[in-house]
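What follows is the content of start01.cif, which has mmCIF, C-alpha atoms:
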```cif
data_data
loop_
_atom_site.label_atom_id
_atom_site.label_comp_id
_atom_site.auth_asym_id
_atom_site.auth_seq_id
_atom_site.Cartn_x
_atom_site.Cartn_y
_atom_site.Cartn_z
CA MET A 744 4.50 31.66 13.28
CA SER A 745 7.76 32.92 11.82
CA ASN A 746 6.02 35.11 9.23
CA PRO A 747 6.83 38.75 10.13
CA ASP A 748 3.36 40.03 9.15
CA LEU A 749 1.66 37.52 11.45
CA MET A 750 4.04 38.33 14.30
CA GLY A 751 3.15 41.98 13.82
CA TYR A 752 -0.54 41.14 14.08
CA GLU A 753 -0.10 39.15 17.28
CA ASP A 754 2.05 41.86 18.83
CA ARG A 755 -0.53 44.50 17.95
CA ARG A 756 -3.44 42.46 19.32
CA ALA A 757 -1.54 41.82 22.58
CA LYS A 758 -1.05 45.56 23.05
CA GLU A 759 -4.72 46.30 22.23
CA ILE A 760 -5.93 43.70 24.74
CA TRP A 761 -3.52 44.99 27.37
CA ALA A 762 -4.80 48.55 26.87
CA GLN A 763 -8.41 47.39 27.10
CA LEU A 764 -8.07 45.08 30.11
CA CYS A 765 -5.39 46.90 32.11
CA PRO A 766 -5.98 50.66 31.79
CA LYS A 767 -3.52 52.90 33.65
CA ASP A 768 -3.82 53.15 37.45
CA GLN A 769 -6.14 50.17 37.63
CA HIS A 770 -5.56 46.62 38.80
CA GLY A 771 -6.38 44.85 35.59
CA ALA A 772 -9.34 42.75 34.51
CA ASP A 773 -11.68 41.36 37.20
CA ALA A 774 -11.60 37.93 35.59
CA ILE A 775 -10.47 36.52 32.26
CA LEU A 776 -11.72 33.55 30.26
CA ASP A 777 -9.28 32.78 27.46
CA LEU A 778 -10.58 30.23 24.93
CA HIS A 779 -8.06 28.06 23.08
CA SER A 780 -8.33 25.13 20.72
CA THR A 781 -5.66 22.43 20.60
CA THR A 782 -4.74 19.55 18.30
CA ALA A 783 -4.09 17.43 21.42
CA ASN A 784 -6.84 15.23 22.87
CA MET A 785 -7.42 17.55 25.84
CA GLY A 786 -11.22 17.32 25.85
CA LEU A 787 -12.33 20.28 27.97
CA THR A 788 -9.36 21.36 30.08
CA ILE A 789 -9.22 24.33 32.44
CA LEU A 790 -5.96 26.02 33.40
CA PRO A 791 -6.62 28.52 36.21
CA SER A 792 -5.06 31.98 36.27
CA SER A 793 -3.72 31.36 39.77
CA LYS A 794 -4.05 28.95 42.68
CA HIS A 795 -6.18 31.48 44.56
CA PRO A 796 -8.82 29.62 46.66
CA PHE A 797 -11.61 31.31 44.72
CA ASN A 798 -10.29 29.87 41.44
CA LEU A 799 -9.86 26.40 42.93
CA GLN A 800 -13.43 26.45 44.28
CA LEU A 801 -14.70 27.49 40.86
CA LEU A 802 -12.79 24.58 39.29
CA ALA A 803 -14.19 22.12 41.86
CA TYR A 804 -17.68 23.38 41.05
CA LEU A 805 -17.12 22.88 37.31
CA SER A 806 -15.60 19.42 37.82
CA GLU A 807 -18.65 18.42 39.83
CA ILE A 808 -21.25 19.55 37.30
CA ASP A 809 -19.27 18.03 34.39
CA PRO A 810 -16.89 15.24 35.46
CA SER A 811 -15.35 15.17 31.96
CA VAL A 812 -13.78 18.60 32.64
CA ARG A 813 -10.14 18.30 33.70
CA VAL A 814 -7.97 20.80 35.54
CA CYS A 815 -4.31 21.41 34.74
CA LEU A 816 -2.00 23.45 36.97
CA GLY A 817 1.06 25.06 35.42
CA GLU A 818 4.58 24.63 36.75
CA HIS A 819 4.93 28.27 37.70
CA TYR A 820 2.46 30.98 38.59
CA GLY A 821 3.13 34.70 38.70
CA ASN A 822 5.75 34.54 35.99
CA ASP A 823 3.68 33.00 33.18
CA ALA A 824 3.55 36.43 31.60
CA PRO A 825 3.10 35.30 27.96
CA MET A 826 -0.43 34.07 28.79
CA LEU A 827 -3.50 36.26 28.47
CA ARG A 828 -4.80 34.79 31.73
CA SER A 829 -1.86 36.37 33.57
CA LEU A 830 -3.60 39.76 33.27
CA SER A 831 -5.91 38.77 36.14
CA ALA A 832 -5.59 36.54 39.22
CA PHE A 833 -9.10 35.29 38.52
CA GLY A 834 -10.36 33.23 35.62
CA CYS A 835 -8.76 30.62 33.44
CA THR A 836 -7.72 29.39 30.04
CA ILE A 837 -10.06 26.82 28.51
CA GLU A 838 -8.42 24.36 26.12
CA VAL A 839 -10.66 22.34 23.80
CA GLY A 840 -9.44 19.49 21.65
CA PRO A 841 -8.57 17.60 19.64
CA ILE A 842 -9.45 19.92 16.77
CA ALA A 843 -7.56 21.13 13.72
CA GLN A 844 -6.90 24.80 13.15
CA GLY A 845 -9.49 26.62 11.08
CA VAL A 846 -12.42 24.25 11.53
CA VAL A 847 -15.60 24.41 13.62
CA ASN A 848 -16.67 21.25 15.46
CA ALA A 849 -20.31 21.61 16.52
CA ARG A 850 -20.13 19.27 19.54
CA GLN A 851 -17.00 20.91 20.95
CA LEU A 852 -18.52 24.35 20.34
CA GLN A 853 -21.63 23.38 22.32
CA GLN A 854 -19.55 21.91 25.17
CA THR A 855 -17.43 25.06 25.34
CA GLU A 856 -20.52 27.28 25.42
CA MET A 857 -21.98 25.24 28.29
CA LEU A 858 -18.73 25.54 30.24
CA VAL A 859 -18.51 29.31 29.69
CA HIS A 860 -22.13 29.71 30.82
CA ALA A 861 -21.43 27.64 33.95
CA ILE A 862 -18.45 29.88 34.80
CA LEU A 863 -20.49 33.04 34.25
CA ASP A 864 -23.30 31.63 36.45
CA TYR A 865 -20.78 30.95 39.18
CA LEU A 866 -19.26 34.45 39.00
CA ASP A 867 -22.72 36.00 38.88
CA ALA A 868 -23.86 34.11 42.01
CA GLN A 869 -20.69 35.27 43.79
CA ASN A 870 -21.30 38.88 42.75
CA ARG A 871 -24.86 38.70 44.05
CA GLY A 872 -23.54 37.53 47.42
CA LYS A 873 -25.05 34.06 47.02
CA PRO A 874 -22.06 31.85 46.18
CA LEU A 875 -22.84 28.42 44.81
CA PRO A 876 -21.87 25.42 46.99
CA THR A 877 -18.57 23.79 46.01
CA PRO A 878 -17.12 20.35 46.78
CA SER A 879 -14.29 19.95 49.27
CA HIS A 880 -11.87 18.23 46.92
CA LEU A 881 -10.49 18.73 43.42
CA THR A 882 -8.50 16.43 41.13
CA VAL A 883 -5.74 18.31 39.33
CA TYR A 884 -3.00 17.43 36.87
CA GLN A 885 0.08 19.30 38.11
CA ALA A 886 2.63 20.03 35.36
CA ILE A 887 6.14 18.91 36.32
CA GLY A 888 7.99 19.46 33.05
CA SER A 889 7.93 18.90 29.32
CA ILE A 890 9.67 16.68 26.78
CA ASP A 891 10.85 17.67 23.29
CA TYR A 892 10.82 15.49 20.21
CA PRO A 893 14.06 13.67 19.42
CA ARG A 894 15.97 15.93 17.00
CA ASN A 895 19.25 15.81 15.13
CA SER A 896 22.13 18.26 15.57
CA VAL A 897 20.45 20.89 13.38
CA GLY A 898 17.13 20.62 15.19
CA GLU A 899 15.19 18.51 12.68
CA LEU A 900 12.63 16.04 14.01
CA GLN A 901 13.82 12.43 14.20
CA ALA A 902 10.63 10.87 15.57
CA ALA A 903 6.89 11.32 16.03
CA ILE A 904 4.66 10.60 19.03
CA HIS A 905 4.35 6.79 19.31
CA PRO A 906 0.99 5.53 17.98
CA GLN A 907 0.27 3.94 21.39
CA LEU A 908 0.59 7.37 23.04
CA GLN A 909 -1.09 9.55 20.38
CA PHE A 910 -4.41 11.01 21.67
CA LYS A 911 -3.79 9.37 25.11
CA ASP A 912 -3.69 12.66 27.00
CA TYR A 913 -4.47 12.23 30.73
CA GLU A 914 -3.84 8.47 30.64
CA PRO A 915 -1.06 7.07 32.84
CA LEU A 916 2.34 6.57 31.15
CA HIS A 917 4.50 4.07 33.00
CA PRO A 918 8.32 3.87 32.90
CA GLY A 919 9.48 1.97 29.81
CA GLU A 920 6.25 2.38 27.82
CA PRO A 921 6.56 3.62 24.21
CA MET A 922 6.83 7.39 23.85
CA PHE A 923 8.20 8.12 20.37
CA LEU A 924 8.54 6.23 17.10
CA THR A 925 11.58 7.28 15.08
CA PHE A 926 11.33 7.80 11.33
CA THR A 927 13.50 4.69 10.95
CA GLY A 928 10.93 2.63 12.88
CA GLU A 929 12.53 2.43 16.35
CA SER A 930 10.36 2.66 19.49
CA LEU A 931 11.75 4.99 22.15
CA PRO A 932 10.43 4.34 25.68
CA TYR A 933 9.53 6.87 28.35
CA PRO A 934 12.80 7.10 30.29
CA GLY A 935 11.36 8.40 33.60
CA GLU A 936 11.21 6.45 36.85
CA SER A 937 7.66 7.28 37.95
CA THR A 938 4.24 7.14 36.33
CA VAL A 939 3.14 10.43 34.77
CA PHE A 940 0.05 11.71 32.96
CA PRO A 941 1.10 13.40 29.69
CA VAL A 942 -1.01 16.24 28.29
CA PHE A 943 -0.74 18.48 25.21
CA ILE A 944 0.53 15.44 23.29
CA ASN A 945 1.31 16.48 19.69
CA GLU A 946 0.00 20.04 19.96
CA ALA A 947 0.78 21.74 16.62
CA ALA A 948 1.80 25.09 18.15
CA TYR A 949 4.29 23.43 20.52
CA TYR A 950 6.67 21.97 17.92
CA GLU A 951 8.35 25.38 17.70
CA LYS A 952 8.42 25.60 21.51
CA HIS A 953 10.23 22.22 21.63
CA ILE A 954 7.39 20.57 23.55
CA ALA A 955 6.18 17.15 22.36
CA MET A 956 4.08 16.80 25.53
CA VAL A 957 3.77 18.22 29.02
CA LEU A 958 4.18 15.72 31.88
CA THR A 959 1.87 16.00 34.87
CA GLU A 960 1.23 14.30 38.19
CA LYS A 961 -2.35 13.53 39.23
CA GLN A 962 -3.16 15.02 42.64
CA GLN A 963 -6.15 15.39 44.95
CA LEU A 964 -6.47 18.81 46.59
CA GLN A 965 -8.51 19.44 49.73
CA LEU A 966 -10.30 22.79 49.54
CA GLU A 967 -12.13 25.15 51.81
CA THR A 968 -15.80 24.92 50.82
CA ALA A 969 -17.68 28.01 49.71
CA MET B 1072 -4.23 31.74 2.57
CA SER B 1073 -4.93 35.41 1.97
CA ASN B 1074 -1.52 36.53 3.24
CA PRO B 1075 0.31 38.04 0.25
CA ASP B 1076 3.70 36.62 1.27
CA LEU B 1077 2.30 33.09 1.44
CA MET B 1078 0.48 33.50 -1.89
CA GLY B 1079 3.80 34.57 -3.38
CA TYR B 1080 5.44 31.43 -2.02
CA GLU B 1081 2.77 29.13 -3.45
CA ASP B 1082 2.88 30.88 -6.84
CA ARG B 1083 6.66 30.57 -6.93
CA ARG B 1084 6.62 26.88 -5.95
CA ALA B 1085 3.99 26.13 -8.62
CA LYS B 1086 6.25 27.70 -11.27
CA GLU B 1087 9.32 25.83 -10.00
CA ILE B 1088 7.48 22.49 -10.07
CA TRP B 1089 6.10 23.23 -13.53
CA ALA B 1090 9.62 24.01 -14.82
CA GLN B 1091 10.99 20.83 -13.27
CA LEU B 1092 8.23 18.43 -14.35
CA CYS B 1093 7.28 19.94 -17.70
CA PRO B 1094 10.47 21.15 -19.40
CA LYS B 1095 10.02 22.74 -22.86
CA ASP B 1096 9.31 20.45 -25.82
CA GLN B 1097 8.49 17.52 -23.54
CA HIS B 1098 5.19 15.92 -22.63
CA GLY B 1099 5.32 16.44 -18.90
CA ALA B 1100 6.02 14.11 -16.02
CA ASP B 1101 5.75 10.35 -16.56
CA ALA B 1102 3.71 9.97 -13.37
CA ILE B 1103 2.95 12.14 -10.36
CA LEU B 1104 2.21 11.22 -6.75
CA ASP B 1105 0.93 14.28 -4.88
CA LEU B 1106 0.66 13.79 -1.09
CA HIS B 1107 -1.95 15.79 0.82
CA SER B 1108 -3.18 15.79 4.39
CA THR B 1109 -6.76 16.68 5.26
CA THR B 1110 -8.73 17.53 8.40
CA ALA B 1111 -11.58 15.36 7.04
CA ASN B 1112 -11.82 11.69 8.00
CA MET B 1113 -10.67 10.49 4.57
CA GLY B 1114 -8.43 7.67 5.81
CA LEU B 1115 -6.23 6.83 2.82
CA THR B 1116 -7.96 8.18 -0.28
CA ILE B 1117 -6.62 8.11 -3.84
CA LEU B 1118 -7.76 10.57 -6.50
CA PRO B 1119 -6.39 9.47 -9.87
CA SER B 1120 -4.92 11.91 -12.39
CA SER B 1121 -7.24 10.61 -15.10
CA LYS B 1122 -9.61 7.73 -15.85
CA HIS B 1123 -7.00 6.15 -18.10
CA PRO B 1124 -7.27 2.31 -17.89
CA PHE B 1125 -3.72 2.12 -16.53
CA ASN B 1126 -4.64 4.36 -13.60
CA LEU B 1127 -7.81 2.43 -12.86
CA GLN B 1128 -5.92 -0.88 -12.88
CA LEU B 1129 -3.35 0.60 -10.48
CA LEU B 1130 -6.20 1.71 -8.17
CA ALA B 1131 -7.82 -1.74 -8.31
CA TYR B 1132 -4.45 -3.28 -7.40
CA LEU B 1133 -4.07 -0.91 -4.41
CA SER B 1134 -7.67 -1.49 -3.25
CA GLU B 1135 -7.03 -5.23 -3.29
CA ILE B 1136 -3.83 -5.19 -1.26
CA ASP B 1137 -5.31 -2.71 1.26
CA PRO B 1138 -9.14 -2.74 1.35
CA SER B 1139 -9.13 0.36 3.60
CA VAL B 1140 -7.89 2.43 0.65
CA ARG B 1141 -10.72 4.32 -1.06
CA VAL B 1142 -10.85 5.80 -4.54
CA CYS B 1143 -12.51 9.12 -5.36
CA LEU B 1144 -13.17 10.31 -8.90
CA GLY B 1145 -13.50 14.03 -9.55
CA GLU B 1146 -16.43 15.63 -11.36
CA HIS B 1147 -14.33 16.74 -14.30
CA TYR B 1148 -11.08 15.55 -15.80
CA GLY B 1149 -8.88 17.45 -18.20
CA ASN B 1150 -9.84 20.82 -16.81
CA ASP B 1151 -8.76 20.33 -13.20
CA ALA B 1152 -5.74 22.50 -13.94
CA PRO B 1153 -5.22 23.82 -10.38
CA MET B 1154 -4.13 20.35 -9.25
CA LEU B 1155 -0.50 19.19 -9.38
CA ARG B 1156 -1.72 15.81 -10.63
CA SER B 1157 -2.98 17.50 -13.81
CA LEU B 1158 0.64 17.76 -15.02
CA SER B 1159 0.53 14.07 -15.96
CA ALA B 1160 -2.18 11.66 -17.11
CA PHE B 1161 -0.63 9.03 -14.83
CA GLY B 1162 -0.47 9.00 -11.05
CA CYS B 1163 -2.71 10.37 -8.35
CA THR B 1164 -3.26 12.57 -5.36
CA ILE B 1165 -3.16 10.75 -2.02
CA GLU B 1166 -5.25 12.33 0.74
CA VAL B 1167 -4.59 11.25 4.33
CA GLY B 1168 -6.75 12.21 7.27
CA PRO B 1169 -8.07 13.24 9.63
CA ILE B 1170 -5.03 15.19 10.74
CA ALA B 1171 -4.47 18.77 11.83
CA GLN B 1172 -2.09 21.04 9.95
CA GLY B 1173 1.47 21.09 11.25
CA VAL B 1174 1.49 17.80 13.13
CA VAL B 1175 3.00 14.39 12.38
CA ASN B 1176 0.89 11.31 13.10
CA ALA B 1177 3.15 8.25 13.15
CA ARG B 1178 0.47 5.71 12.15
CA GLN B 1179 -0.75 7.80 9.20
CA LEU B 1180 2.85 8.43 8.13
CA GLN B 1181 3.55 4.66 8.09
CA GLN B 1182 0.35 3.94 6.15
CA THR B 1183 1.21 6.62 3.59
CA GLU B 1184 4.72 5.23 3.15
CA MET B 1185 3.35 1.73 2.55
CA LEU B 1186 0.93 3.06 -0.06
CA VAL B 1187 3.64 5.02 -1.87
CA HIS B 1188 5.89 1.95 -1.90
CA ALA B 1189 3.05 -0.18 -3.31
CA ILE B 1190 2.51 2.35 -6.12
CA LEU B 1191 6.23 2.47 -6.93
CA ASP B 1192 6.37 -1.34 -6.96
CA TYR B 1193 3.47 -1.41 -9.41
CA LEU B 1194 5.06 1.18 -11.71
CA ASP B 1195 8.40 -0.59 -11.52
CA ALA B 1196 6.85 -3.95 -12.49
CA GLN B 1197 5.14 -2.27 -15.43
CA ASN B 1198 8.42 -0.67 -16.54
CA ARG B 1199 10.17 -4.04 -16.39
CA GLY B 1200 7.50 -5.50 -18.68
CA LYS B 1201 6.09 -7.72 -15.93
CA PRO B 1202 2.86 -5.97 -14.92
CA LEU B 1203 1.29 -7.12 -11.65
CA PRO B 1204 -2.10 -8.87 -11.86
CA THR B 1205 -5.07 -6.62 -11.16
CA PRO B 1206 -8.68 -7.38 -10.18
CA SER B 1207 -11.49 -6.93 -12.66
CA HIS B 1208 -13.56 -4.54 -10.60
CA LEU B 1209 -13.05 -1.35 -8.63
CA THR B 1210 -15.28 0.49 -6.13
CA VAL B 1211 -15.15 4.25 -6.65
CA TYR B 1212 -16.81 7.27 -5.08
CA GLN B 1213 -17.79 9.50 -8.00
CA ALA B 1214 -18.08 13.19 -7.07
CA ILE B 1215 -21.40 14.69 -8.19
CA GLY B 1216 -21.22 18.14 -6.54
CA SER B 1217 -20.48 20.01 -3.36
CA ILE B 1218 -22.44 21.81 -0.65
CA ASP B 1219 -21.45 25.05 1.10
CA TYR B 1220 -22.07 25.94 4.73
CA PRO B 1221 -25.19 27.97 5.42
CA ARG B 1222 -24.08 31.63 5.39
CA ASN B 1223 -25.70 35.01 5.95
CA SER B 1224 -25.90 37.78 3.36
CA VAL B 1225 -22.31 38.89 4.01
CA GLY B 1226 -20.94 35.38 3.75
CA GLU B 1227 -20.48 34.60 7.45
CA LEU B 1228 -21.02 31.00 8.61
CA GLN B 1229 -24.39 30.32 10.18
CA ALA B 1230 -23.90 26.62 10.97
CA ALA B 1231 -21.33 23.86 11.45
CA ILE B 1232 -21.31 20.26 10.24
CA HIS B 1233 -23.91 18.37 12.30
CA PRO B 1234 -22.29 16.22 15.03
CA GLN B 1235 -23.97 13.11 13.54
CA LEU B 1236 -22.22 13.77 10.22
CA GLN B 1237 -18.81 14.97 11.49
CA PHE B 1238 -16.04 12.43 10.63
CA LYS B 1239 -18.60 10.25 8.77
CA ASP B 1240 -16.88 10.55 5.40
CA TYR B 1241 -17.78 7.67 3.03
CA GLU B 1242 -20.84 6.67 5.07
CA PRO B 1243 -24.27 6.84 3.39
CA LEU B 1244 -26.26 10.03 3.97
CA HIS B 1245 -29.98 9.52 3.36
CA PRO B 1246 -32.52 12.22 2.44
CA GLY B 1247 -33.69 14.06 5.55
CA GLU B 1248 -30.78 13.07 7.77
CA PRO B 1249 -29.03 15.86 9.74
CA MET B 1250 -26.41 17.76 7.75
CA PHE B 1251 -25.73 21.04 9.60
CA LEU B 1252 -26.34 22.39 13.09
CA THR B 1253 -26.91 26.16 13.14
CA PHE B 1254 -25.29 28.34 15.78
CA THR B 1255 -28.77 28.86 17.21
CA GLY B 1256 -29.18 25.10 17.67
CA GLU B 1257 -31.36 24.17 14.67
CA SER B 1258 -30.74 20.91 12.78
CA LEU B 1259 -30.74 21.30 9.00
CA PRO B 1260 -31.42 18.07 7.07
CA TYR B 1261 -29.81 16.90 3.83
CA PRO B 1262 -32.28 18.21 1.26
CA GLY B 1263 -31.43 15.81 -1.57
CA GLU B 1264 -33.67 13.04 -2.89
CA SER B 1265 -31.16 10.21 -3.18
CA THR B 1266 -28.61 8.64 -0.86
CA VAL B 1267 -25.10 10.07 -1.24
CA PHE B 1268 -21.68 9.41 0.31
CA PRO B 1269 -20.18 12.72 1.53
CA VAL B 1270 -16.40 13.16 1.58
CA PHE B 1271 -14.06 15.99 2.56
CA ILE B 1272 -16.48 16.79 5.41
CA ASN B 1273 -15.17 19.84 7.32
CA GLU B 1274 -11.87 20.17 5.46
CA ALA B 1275 -10.18 23.31 6.80
CA ALA B 1276 -8.88 24.49 3.41
CA TYR B 1277 -12.33 24.26 1.81
CA TYR B 1278 -14.14 26.87 3.95
CA GLU B 1279 -12.69 29.55 1.67
CA LYS B 1280 -13.70 27.51 -1.38
CA HIS B 1281 -17.30 27.39 -0.07
CA ILE B 1282 -17.25 23.60 0.25
CA ALA B 1283 -18.58 22.05 3.48
CA MET B 1284 -18.43 18.60 1.88
CA VAL B 1285 -18.25 16.92 -1.52
CA LEU B 1286 -21.13 14.59 -2.39
CA THR B 1287 -20.33 11.32 -4.15
CA GLU B 1288 -22.12 8.27 -5.52
CA LYS B 1289 -20.71 4.82 -4.83
CA GLN B 1290 -20.12 2.88 -8.05
CA GLN B 1291 -18.63 -0.45 -9.15
CA LEU B 1292 -16.47 -0.27 -12.27
CA GLN B 1293 -15.66 -3.28 -14.43
CA LEU B 1294 -12.08 -3.12 -15.68
CA GLU B 1295 -9.90 -4.79 -18.24
CA THR B 1296 -7.46 -6.92 -16.28
CA ALA B 1297 -3.73 -6.41 -16.67
#
```
How would this structure read if it were set down as structure tokens?
Amino acid sequence: MSNPDLMGYEDRRAKEIWAQLCPKDQHGADAILDLHSTTANMGLTILPSSKHPFNLQLLAYLSEIDPSVRVCLGEHYGNDAPMLRSLSAFGCTIEVGPIAQGVVNARQLQQTEMLVHAILDYLDAQNRGKPLPTPSHLTVYQAIGSIDYPRNSVGELQAAIHPQLQFKDYEPLHPGEPMFLTFTGESLPYPGESTVFPVFINEAAYYEKHIAMVLTEKQQLQLETA
Amino acid sequence: MSNPDLMGYEDRRAKEIWAQLCPKDQHGADAILDLHSTTANMGLTILPSSKHPFNLQLLAYLSEIDPSVRVCLGEHYGNDAPMLRSLSAFGCTIEVGPIAQGVVNARQLQQTEMLVHAILDYLDAQNRGKPLPTPSHLTVYQAIGSIDYPRNSVGELQAAIHPQLQFKDYEPLHPGEPMFLTFTGESLPYPGESTVFPVFINEAAYYEKHIAMVLTEKQQLQLETA
């Protein structure tokens, strides 16, 4: 996204959305659903706007009605200002993948629509004073850091995601297992000392952010029930 | 690709390549290998520059050493001027997919390298006067036309590729089988009267060309053997 015209467009859209969702002297949007596609094999992933109990209960509800939905928690909250979801404490980003840019996949479109409808039903029930019952636990993938591609001294890629790891988002990666394959054919293992669950593996938009994958830990949260 | 800066870049590159491959008073490049990625599930597909017997023998050789390689023939030859491969009668376009724009897939990269090396080996043997033996037959997918997405009167998409057809490039599509799924949930069947083998299903760059897929017929060609 180094083209100056495209940067101008994104800047302008960000300001328009800000003006629409956060008018002066108000507290911002009530809730935000921000829909993203990704080239990584993220299936349907929800990243909440905050760890507020209401958000976590919503996520537990969604995980119960569709166990294929996964929940990712960011490393930091409050200071993730570049994200649209940061304009409200309530709501989430929905990531859908794997899918290439500029194409429509009918199945993923249907799954996303169902998820959005489920979220709107949940918010609507809350607004009507009849909150839907939620489970007392929630499985989350807590981000703990990210890893860049191996690069040379001028920043050029020296390796790709290892074929054994490609599309294996949310599967356990154990110490010593293959992580990258260099362009000269050498396998580079995961150098960490504990098992992690990589996500956003080979996301196109993250090459420029120096992120080959985000590492997470799988956790069970106990929640208050609604 | 409607951004004027990017159009300028592509125009400029086309002129540079033309000047390099087709200098004045010469007949053009000896042979051209043009490498493309695609969001369609094309595996490794070869589209020859012409139906010249030398090209067809090369394709038969490649199909024999790697049976997963498929060969597509265009509808027209001689007037496919927008393609780089048209600058020489010899050589081909290699399409590799499915892959999203802007990502490296290690397995597909390795497969592409092996195919390029096999082609160079074949050309080298020919140049040394020791042509490699080639089989006497070749399976090809002969393009017979293309189909656009259903659109409304102002050209907006009204449907996506049907989930049963998505990623099913090179598989037979029989009359009446699902082809599109409209955004209101209606299945639209393939309206043709004979079985076809669709390719380039849901290629991102073809939305603007009004091509949802290219229809082909599967054919066996008998060849002179080298």
Note to self: Here's the selection I'm unsure about, the PyMOL selection byres ((chain B) within 6 of (chain A)); applied to the file above, which residues does it give, as a ChimeraX atom specification?
What the structure shows: /B:1171,1173-1174,1177-1178,1231,1234,1275
Next item on the list: Could you please give me, as a list in words, the residues of protein, DNA or RNA lying at most 12 Å from (3.5, 23.8, -13.9) in the coordinate frame of the file, considering only C-alpha atoms?
Entry: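 Residues with an atom close enough to that point: Glu1081, Asp1082, Arg1083, Arg1084, Ala1085, Lys1086, Glu1087, Ile1088, Trp1089, Ala1090, Gln1091, Leu1092, Cys1093, Pro1094, Lys1095, His1098, Gly1099, Ala1100, Ala1152, Pro1153, Met1154, Leu1155, Arg1156, Ser1157, Leu1158 and Ser1159 of chain B.
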Need the shell around Val1211 of chain B: protein/DNA/RNA residues with any atom at most 10 Å away, counting only C-alpha atoms. Skip same-chain ones fewer than 6 positions apart. Format as an mmCIF file with C-alpha atoms, in the coordinates of the input?
```cif
data_model
loop_
_atom_site.group_PDB
_atom_site.id
_atom_site.type_symbol
_atom_site.label_atom_id
_atom_site.label_comp_id
_atom_site.auth_asym_id
_atom_site.auth_seq_id
_atom_site.Cartn_x
_atom_site.Cartn_y
_atom_site.Cartn_z
ATOM 1 C CA ILE B 1117 -6.620 8.110 -3.840
ATOM 2 C CA LEU B 1118 -7.760 10.570 -6.500
ATOM 3 C CA LEU B 1127 -7.810 2.430 -12.860
ATOM 4 C CA LEU B 1130 -6.200 1.710 -8.170
ATOM 5 C CA ALA B 1131 -7.820 -1.740 -8.310
ATOM 6 C CA ARG B 1141 -10.720 4.320 -1.060
ATOM 7 C CA VAL B 1142 -10.850 5.800 -4.540
ATOM 8 C CA CYS B 1143 -12.510 9.120 -5.360
ATOM 9 C CA LEU B 1144 -13.170 10.310 -8.900
ATOM 10 C CA THR B 1287 -20.330 11.320 -4.150
ATOM 11 C CA GLU B 1288 -22.120 8.270 -5.520
ATOM 12 C CA LYS B 1289 -20.710 4.820 -4.830
ATOM 13 C CA GLN B 1290 -20.120 2.880 -8.050
ATOM 14 C CA GLN B 1291 -18.630 -0.450 -9.150
ATOM 15 C CA LEU B 1292 -16.470 -0.270 -12.270
#
```
Check: Residues at most 6 Å from Val957 of chain A, counting all atoms listed in the file, excluding those fewer than 2 positions away in the same chain, as a PyMOL selection string?
Finding: chain A and resi 888-889+941-943
Which residues are near Val1267 of chain B? Cut-off 9 Å, only C-alpha atoms, ignore same chain within fewer than 4 positions. Put them as a short mmCIF file (atom, residue, chain, number, x, y, z; two decimals) with C-alpha atoms, in the frame of the given file.
```cif
data_model
loop_
_atom_site.label_atom_id
_atom_site.label_comp_id
_atom_site.auth_asym_id
_atom_site.auth_seq_id
_atom_site.Cartn_x
_atom_site.Cartn_y
_atom_site.Cartn_z
CA TYR B 1241 -17.78 7.67 3.03
CA GLU B 1242 -20.84 6.67 5.07
CA PRO B 1243 -24.27 6.84 3.39
CA LEU B 1244 -26.26 10.03 3.97
CA HIS B 1245 -29.98 9.52 3.36
CA PRO B 1246 -32.52 12.22 2.44
CA GLY B 1263 -31.43 15.81 -1.57
CA LEU B 1286 -21.13 14.59 -2.39
CA THR B 1287 -20.33 11.32 -4.15
CA GLU B 1288 -22.12 8.27 -5.52
CA LYS B 1289 -20.71 4.82 -4.83
#
```
Item checked: Selected residue, from A:Met956, A:Cys835, A:Val812, A:Leu863, that lies nearest to Asp777 of chain A when counting all atoms listed in the file ->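 So, comparing all the options, the nearest one is A:Cys835.
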Next item on the list: Go through A:Leu866, A:Ala861, A:Met785, A:Ile837 one by one, measure the shortest atom-to-atom distance of each to Asp773 of chain A using all atoms listed in the file, and give the residue with the smallest value.
Entry: A:Leu866
Next item on the list: For the structure provided, state which residues fall under the PyMOL selection byres ((chain B and resi 1120) around 6), and present them as a ChimeraX atom specification.
Entry: /B:1119,1121,1156,1160-1163
Would you mind exporting C-alpha atoms of the selected residues as a PDB file, in the frame of the given file?
```
ATOM      1  CA  PRO B1119      -6.390   9.470  -9.870  1.00  0.00           C
ATOM      2  CA  SER B1121      -7.240  10.610 -15.100  1.00  0.00           C
ATOM      3  CA  ARG B1156      -1.720  15.810 -10.630  1.00  0.00           C
ATOM      4  CA  ALA B1160      -2.180  11.660 -17.110  1.00  0.00           C
ATOM      5  CA  PHE B1161      -0.630   9.030 -14.830  1.00  0.00           C
ATOM      6  CA  GLY B1162      -0.470   9.000 -11.050  1.00  0.00           C
ATOM      7  CA  CYS B1163      -2.710  10.370  -8.350  1.00  0.00           C
TER       8      CYS B1163
END
```
Next item on the list: Using atom CA of His860 of chain A and atom CA of Gln965 of chain A as the two end points, give the distance in Å to one decimal.
Entry: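 About the pair atom CA of His860 of chain A and atom CA of Gln965 of chain A: they are 25.5 Å apart.
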Check: Just how far from atom CA of Leu1115 of chain B is atom CA of Leu1186 of chain B, in Å to one decimal?
Finding: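 Pair atom CA of Leu1186 of chain B / atom CA of Leu1115 of chain B returns 8.6 Å.
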Next item on the list: Figure out the distance between atom CA of Gly1114 of chain B and atom CA of Glu1166 of chain B, please, to one decimal in Å.
Entry: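 Between atom CA of Glu1166 of chain B and atom CA of Gly1114 of chain B the gap is 7.6 Å.
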